[in-house]
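What follows is a single structure, written as structure tokens, with notes after it.
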Amino acid sequence: MRVPLSWLRSYCDPGLSTGELAELITGAGLEVARIDRVGVGDPAGFVVGRVLDAGKHPDADRLSVCSVDDGSAEPRTIVCGAPNVAAGQTVAVARPGAVMPDGTKLGEAELRGVRSSGMILAEDELGIGEDHAGIMVLPGELAPGTPLAEHLPIVDEVLELEVNPNRPDALGVYGVARDVHALTGAPLAEDPTAGDIEPEGGAIEDVSVEIVDPEICLRFTARVFEGVQMGESPPWLKQRLMAAGQRPISNVVDITNYVMLATAQPLHAFDLDKVRGGRIVVRRAKPGETMVTLDDAERAFDPETALVCDAEGPSGIAGIMGGQVSEVSEGTTRVLMEAATWVGSNILRTSKRLPLRTEASGRFEKQLHPEQAIGAQRLAARLMVELCGARMAGGTIDEYPRPSAARHVTLRPVRMAGLLGEEIPGDETAGILDRLGFEVESEVSADSLLMGRHHDVALEEWTYEVPAWRDSDVQREADLIEEVARVHGLDRLPTTLPARREAVGGLTGHAGLRRRLEDALRDRGLSEALSYSFIAPTALDRLRLGDSDPALAIANPLSTDQSVMRPLLLPGLLDAARHNAAHDRADLALFESAHVYRPSAVPPPMSGAGPQTSPRGTRPSDEHHHLGALMVGTIEGGWRSLPVRTDFFAVRAVLESVLAAAGVEWRAEPALRPYLHPGRTAAILASDREIGWLGELHPLVARDWELGERPAAAFELDVDVLAVLAEEAEAGFRDLTSFPAVLQDIAVVVPDGVPASRVQEVVFQGGGELLRAAGVFDLFHGEQLGEGHKSLALRLEFRAPDRTLTDDEVAGHRSAIEAALVQIGGKLRA
Amino acid sequence: MADVPARLEGIRAEAEAAIANAGTAAELEELRVLYTGRRAELTQTLRSIGELAPDQRGPVGKAANVVKQALEAKLAKRSEALEGYELERGLAEDTVDVTLPGDPPRPAGHLHLVTQTRREMEDIFVGLGFKVVEGPEVEFDYYNFTALNHPPDHPARMLQDTFYLSEEVLLRTHTSPMQVRSMEAQEPPIYIVVPGRVYRRDSDATHTPMFHQLEGLAIDEDITLADLRGVLLSFARAMFGPEREVRLRSGYFPFTEPSVEVDVSCFACEARGYLADGSRCGLCKGTAWIEILGAGMVDPNVLGFVTDSGYDPERVQGFAFGMGIDRIAMLKHGVPDLRLMFENDIRFLEQFGS
């Protein structure tokens with residue numbers, strides 16, 4: 001909302017600077033986003049002038065050489081290109097040195113050999129209109145030399161407000177003025193909708209209005225004006241419109257816009273001669289109905305759309321935009337003025353669906369009150385008479401099927417103090433609400449309580465009648481409290497801290513674990529990436545996931561590239577790798593810690609129950625927190641060490657440190673994932689639950705993400721599952737210090753196909769309870785082992801909690817291990 | 001033989017001087033043989049003790065042993081010293097270029113700026129008594145809008161352009177749905193903050209379709225708007241420096257009443273609006289204040305949705321606030337474009353702390 005300051009000050013002028021005023025109303029909730037300056041650069045240099053003489057330029061047909069009295073001692077010579085300039089006119093003159101609206105400084109100029117010292121101005125040259133067809137002719141009684149600014153608003157400032165949806169009243173300049181009045185106590189001019197020309201009853205000859213559907217229209221008022229002289233609006237009105245951001249069009253249209261900008265209530269003017277049958281019917285659209293709107297677009301409607309129709313069909317979209325069929329134009333002489341109250345939610349829906357947002361719909365959607373419609377009719381009628389020479393024909397048609405009752409809200413000062421943390425004195429509270437237009441209905445004040453010997457301020461309460469223009473926002477005590485608080489000054493509240501009974505801060509176990517895991521990755525040299533949660537459906541194809549695993553789709557994505565919710569973190573990490581490879585950073589170690597999404601296995605129980613019922617804590621999708629890592633290329637070597645290829649085992653080492661940070665026991669098993677190398681993929685299991693995967697990228701995936709021939713491996717862990725396991729694994733005390741462990745290294749020869757984990761499993765079988773660890777520390781192939789065999793070196797740790805183990809005891813277990821190995825074709829190497 | 005003790009003293013003096021002067025382990029070994037070896041005078045003296053008169057044997061034997069022990073001690077001490085010298089000499093020659101980097105290199109990576117900022121914010125609120133909880137990003141319309149006092153077709157829904165998955169399911173537009181989820185799950189009092197990803201259909205230099213928020217909620221019997229101010233002032237000072245002030249302006253959110261917008265005094269220009277060189281402060285645009293969050297007292301209608309869980313709006317009250325984590329990170333670190341946060345350019349990721 002653009003609020004021209006001169007207009008605002010005409011209603012309420014607290015004598016503050018623009019900056020002070022902006023800060024004050026911003027604090028009270030009318031946020032000034034910008035202060036704009038309109039009109040000329042500096043009003044000095046602009047004066048009233050009188051054309052003493054206007055003659056043809058000797059060398060140019062279209063130019064006139066004028067002698068102009070601008071109050072200076074000598075008349076000045078001005079060359080003017082306007083066709084309408086003539087002797088005797090009173091005009092607006094810019095003297096040399098004047099600063100024009102675009103900031104340029106007017107100089108003297110030679111025009112085809114004649115020196116021109118100044119300029120006779122058209123409206124657009126002053127920024128108060130768009131007319132450039134000819135110079136502006138001023139009323140004759142103005143004295144030459146008087147500053148132009150005394151007669152015309154040639155310079156103005158504009159407050160650009162960001163009005164919150166709860167304040168439709170502030171979408172009118174008078175509503176803003178009322179807030180200024182409440183905040184400063186400066187006098188408020190009479191409501192511009194107060195006065196009326198004398199209406200004659202409730203009917204108009206040959207005109208009828210019918211509201212077919214009161215669910216879409218709360219009130220429809222109509223007045224008719226005859227003898228309308230279409231034309232331009234006067235400069236003061238044009239200036240206000242221009243400064244407020246509206247183009248002047250014609251006096252009738254300008255009046256509707258002006259009244260809307262002043263009062264927040266939109267109006268619509270019909271050319272009554274184009275309203276077929278003189279009949280207005282308010283109804284919902286019928287199937288297949290269309291209409292061409294004022295912006296020359298053909299619009300189709302759904303059955304919820306509210307239309308203003310005449311005897312034959314649609315004539316305007318209710319509350320949004322009129323139709324061309326009944327548009328006022330140069331030849332219009334009879335105008336039907338509509339001021340209606342629409343149902344905000346219906347207007348919002350239609351405006352979103354079309355989509356078509358207008359100044360009118362932006363106001364109606366916030367729910368105006370039916371009282372406002374009739375006020376706007378009064379102001380419009382005065383202007384129609386005054387500016388268009390029109391006369392009102394008949395009375396006011398007022399279809400108001402269900403008149404709204406005034407709203408009453410009770411305020412308990414004790415409650416207010418309890419909510420704000422500060423007591424605002426009763427007289428200040430009363431003053432604020434009074435200035436905002438709230439009227440006290442009944443009062444149980446401290447004084448009256450005292451007389452009744454109750455003497456209990458806790459019982460004090462005031463009941464207020466809410467003014468129509470605040471009805472949509474102020475409906476409960478909390479809303480009244482906000483009104484008092486925002487005008488009193490929220491920034492004047494004291495600063496305290498909550499008592500914090502029973503409040504103990506902390507991270508959840510889940511969040512704590514996540515930090516440890518993220519830190520572990522960071523410490524291993526990986527940097528954290530953050531990718532969008534939505535990806536392109538083609539990314540899933542490129543991961544070779546196929547259709548077996550449907551992803552959640554967004555119904556209204558910004559683009560197809562961001563239209564499905566990712567079921568794993570890998571694609572984001574791959575995108576990041578590709579981006580960096582394109583910027584010469586192909587060797588890369590990244591991780592991400594974020595949610596992934598899948599459709600719920602079980603549809604939520606509330607499905608279909610409607611949005612008004614609580615889903616009782618259920619979740620609409622299967623959403624998990626994952627930790628994913630991707631390493632590409634090589635891990636840099638140093639000046640005496642070799643670079644390490646980021647293959648399966650390099651990334652597995654990182655995974656091992658992460659899982660060590662989680663403190664859970666886990667194992668890897670050969671597995672398959674479509675996006676990973678089938679021979680180099682492992683499922684990660686803990687307590688027989690799958691907690692993630694690890695593997696080298698499938699070469700086709702690496703190729704699709706343009707990673708070249710570099711090695712690339714990744715893993716992904718489900719942190720939600722890991723958090724549960726980590727909590728279960730919280731370690732109790734075990735005695736590891738009283739008795740020493742016995743360490744023994746063994747070498748096991750097995751056929752190549754036997755995985756190390758299987759060897760360990762068998763070794764544990766043989767080792768019995770006393771064998772606490774059997775880690776693989778070497779892998780060896782050699783001729784002496786025989787074709788197709790490998791040798792794994794394991795370090796065994798035997799330990800008893802209650803005694804020192806003897807060599808004999810350990811030797812016995814070693815034999816048992818040797819015996820067990822037979823089942824996998826293994827033997828101990830000497 | 002009356003001069004034997006004197007002779008022994010002589011040997012001792014001579015040997016001690018020689019030991020002290022020995023410069024190498026080899027020299028010292030020679031001296032050991034010379035003074036305490038088999039052929040040494042001292043050894044001979046001890047061996048021939050039996051040849052002495054009986055009354056001499058005791059004193060001479062004792063004196064010789066004293067000298068022998070003394071010399072052995074000196075030899076050992078000198079040997080130790082020489083070893084030390086030699087070790088040091090060897091070490092002094094065995095130098096490396098200490099200015100070379102460590103090897104193999106183990107550089108640490110970097111947490112994302114958003115994560116660093118989120119953790120810092122979480123820790124501040126933990127210190128103020130808040131629990132850190134999280135919720136789903138794919139959310140029911142009910143929790144994101146309806147129960148937060150945004151009825152269907154309410155104009156406030158226009159404030160946030162929403163991604164929908166179906167009629168009832170959307171990507172949360174703020175972290176506020178966890179207000180109602182948490183209240184359903186836990187009776188008052190409740191003090192929580194909720195960090196997480198949120199989504200809006202928006203894309204330019206200051207808006208990305210995904211960003212991060214941190215929500216706060218405190219409900220108890222007597223929590224006031226002044227308490228909100230106190231909590232946010234504590235936060236602002238911990239986050240932006242001890243000199244900071246906060247300013248409350250009237251605002252509008254459907255789920256708080258009264259609602260406030262909260263500004264923090266500018267930390268780039270010390271709330272002057274201009275910089276040391278007299279130019280206008282770019283961070284606060286010369287206003288001395290930076291908008292950092294929206295907040296307010298929880299609307300009674302919101303409590304009305306969880307009255308069954310113990311939140312009777314006539315009995316309990318409290319405040320809620322929500323702020324952008326990315327925005328605060330950008331403000332603190334001078335990041336000009338939000339989109340940089342999600343480009344994952346390693347040159348950006350490696351810029352910030354750890």
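Letters for chains follow the order of the structure tokens (A, B, ...), residue numbers begin at 1 for each chain, and ligand numbers begin at 1 in the order shown.
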Pick out the residues sitting within 6 Å of range 313-320 of chain B, and hand them over as a compact mmCIF listing (two decimals) with N, CA and C atoms, in the first residue's frame; count only C-alpha atoms, and ignore anything fewer than 3 positions along from it in its own chain.
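Once written, around33.txt looks like this:
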# COMPACT_ATOMS: atom_id res chain seq x y z
N GLY B 216 10.81 -21.71 18.50
CA GLY B 216 10.86 -21.81 19.96
C GLY B 216 9.44 -21.81 20.51
N LEU B 217 9.22 -22.54 21.59
CA LEU B 217 7.90 -22.56 22.23
C LEU B 217 8.09 -22.70 23.73
N ALA B 218 7.45 -21.82 24.48
CA ALA B 218 7.49 -21.93 25.94
C ALA B 218 6.08 -21.72 26.46
N ILE B 219 5.54 -22.72 27.14
CA ILE B 219 4.19 -22.61 27.69
C ILE B 219 4.23 -22.99 29.16
N ASP B 220 3.65 -22.13 29.98
CA ASP B 220 3.55 -22.41 31.41
C ASP B 220 2.37 -21.56 31.90
N GLU B 221 2.22 -21.49 33.22
CA GLU B 221 1.05 -20.78 33.71
C GLU B 221 1.17 -19.26 33.57
N ILE B 223 3.76 -17.26 31.70
CA ILE B 223 4.76 -16.71 30.78
C ILE B 223 4.21 -15.46 30.10
N ALA B 295 7.60 -13.44 16.30
CA ALA B 295 7.29 -14.10 17.57
C ALA B 295 5.94 -13.61 18.08
N GLY B 296 5.56 -14.10 19.23
CA GLY B 296 4.34 -13.60 19.85
C GLY B 296 3.87 -14.53 20.93
N MET B 297 2.75 -14.14 21.55
CA MET B 297 2.13 -14.99 22.54
C MET B 297 1.24 -15.99 21.80
N VAL B 298 1.36 -17.26 22.16
CA VAL B 298 0.62 -18.32 21.45
C VAL B 298 -0.87 -17.99 21.46
N PRO B 300 -4.76 -18.07 21.62
CA PRO B 300 -5.66 -18.98 22.34
C PRO B 300 -6.31 -20.02 21.42
N LEU B 303 -4.01 -23.01 21.30
CA LEU B 303 -4.13 -23.80 22.53
C LEU B 303 -5.45 -24.56 22.53
Name the residues in contact with Leu513 in chain A at a cut-off of 9 Å, using only C-alpha atoms, excluding same-chain residues fewer than 4 positions from it; report them as an mmCIF file with N, CA and C atoms, in the first residue's frame.
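Below is the file that was written, selection.cif:
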data_model
loop_
_atom_site.group_PDB
_atom_site.id
_atom_site.type_symbol
_atom_site.label_atom_id
_atom_site.label_comp_id
_atom_site.auth_asym_id
_atom_site.auth_seq_id
_atom_site.Cartn_x
_atom_site.Cartn_y
_atom_site.Cartn_z
ATOM 1 N N THR A 508 18.390 -34.041 22.473
ATOM 2 C CA THR A 508 17.930 -35.430 22.541
ATOM 3 C C THR A 508 19.129 -36.330 22.248
ATOM 4 N N GLY A 509 18.999 -37.612 22.603
ATOM 5 C CA GLY A 509 20.058 -38.567 22.306
ATOM 6 C C GLY A 509 20.337 -38.601 20.814
ATOM 7 N N LEU A 517 28.506 -38.137 15.001
ATOM 8 C CA LEU A 517 28.759 -38.733 13.688
ATOM 9 C C LEU A 517 29.268 -37.680 12.711
ATOM 10 N N GLU A 518 28.621 -36.533 12.725
ATOM 11 C CA GLU A 518 29.040 -35.458 11.817
ATOM 12 C C GLU A 518 30.472 -35.022 12.139
ATOM 13 N N ALA A 661 32.224 -44.088 16.529
ATOM 14 C CA ALA A 661 31.696 -42.945 17.276
ATOM 15 C C ALA A 661 30.290 -43.249 17.788
ATOM 16 N N ALA A 662 29.550 -44.077 17.049
ATOM 17 C CA ALA A 662 28.199 -44.434 17.493
ATOM 18 C C ALA A 662 28.257 -45.478 18.602
ATOM 19 N N VAL A 719 20.316 -42.842 10.513
ATOM 20 C CA VAL A 719 20.665 -42.361 11.856
ATOM 21 C C VAL A 719 19.551 -42.665 12.861
ATOM 22 N N LEU A 722 20.159 -46.132 13.955
ATOM 23 C CA LEU A 722 21.428 -46.131 14.672
ATOM 24 C C LEU A 722 21.257 -45.534 16.074
ATOM 25 N N ALA A 723 20.413 -44.500 16.170
ATOM 26 C CA ALA A 723 20.215 -43.848 17.474
ATOM 27 C C ALA A 723 19.584 -44.815 18.466
ATOM 28 N N ALA A 726 22.279 -47.303 19.364
ATOM 29 C CA ALA A 726 23.325 -46.694 20.183
ATOM 30 C C ALA A 726 22.859 -46.560 21.620
#
Backbone DSSP call of alpha helix (DSSP H) for range 617-696 of chain A, listed as a VMD selection string: chain A and resid 648 to 662
Output the selection as a compact mmCIF listing (two decimals), in the first residue's frame - C-alpha atoms for each residue.
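Once written, part-v2.txt looks like this:
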# COMPACT_ATOMS: atom_id res chain seq x y z
CA PHE A 648 35.73 -49.47 -1.21
CA PHE A 649 38.23 -49.92 1.60
CA ALA A 650 39.23 -46.28 1.86
CA VAL A 651 35.58 -45.36 2.39
CA ARG A 652 35.00 -48.36 4.61
CA ALA A 653 37.73 -47.04 6.90
CA VAL A 654 35.77 -43.80 7.22
CA LEU A 655 32.58 -45.73 7.88
CA GLU A 656 34.38 -47.66 10.62
CA SER A 657 35.33 -44.49 12.46
CA VAL A 658 31.79 -43.19 12.19
CA LEU A 659 30.33 -46.38 13.60
CA ALA A 660 32.97 -46.39 16.32
CA ALA A 661 31.70 -42.94 17.28
CA ALA A 662 28.20 -44.43 17.49
Within 8 Å of Glu184 in chain B, counting only C-alpha atoms, which residues show up once you throw out same-chain ones fewer than 2 positions away? Write them as a list in words, please.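 Contacts, in chain order: Arg616 and Gly617 of chain A; Val180, Arg181, Ser182, Gln186, Glu187, Val306 and Ser309 of chain B.
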Best match for closeness to Glu371 in chain A among A:Gly129, A:Pro403, A:Gly775, A:Gly505, counting only C-alpha atoms: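 Ranking A:Gly129, A:Pro403, A:Gly775, A:Gly505 by distance to Glu371 in chain A, first place goes to A:Pro403.
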For Asp326 in chain B, please output as an MDAnalysis selection string all residues within 12 Å (counting only C-alpha atoms; exclusion window: fewer than 4 positions along the same chain). (chainID A and resid 530) or (chainID B and resid 112:118 121 195:198 206:208 210:214 292 330:342)
List the neighbours of Leu75 in chain B out to 10 Å using only C-alpha atoms; skip same-chain residues closer than 5 positions along the sequence, and give me the result as number ranges by chain. B: 15-16, 19-20, 22, 28-29, 31-32, 36, 69-70, 80-81
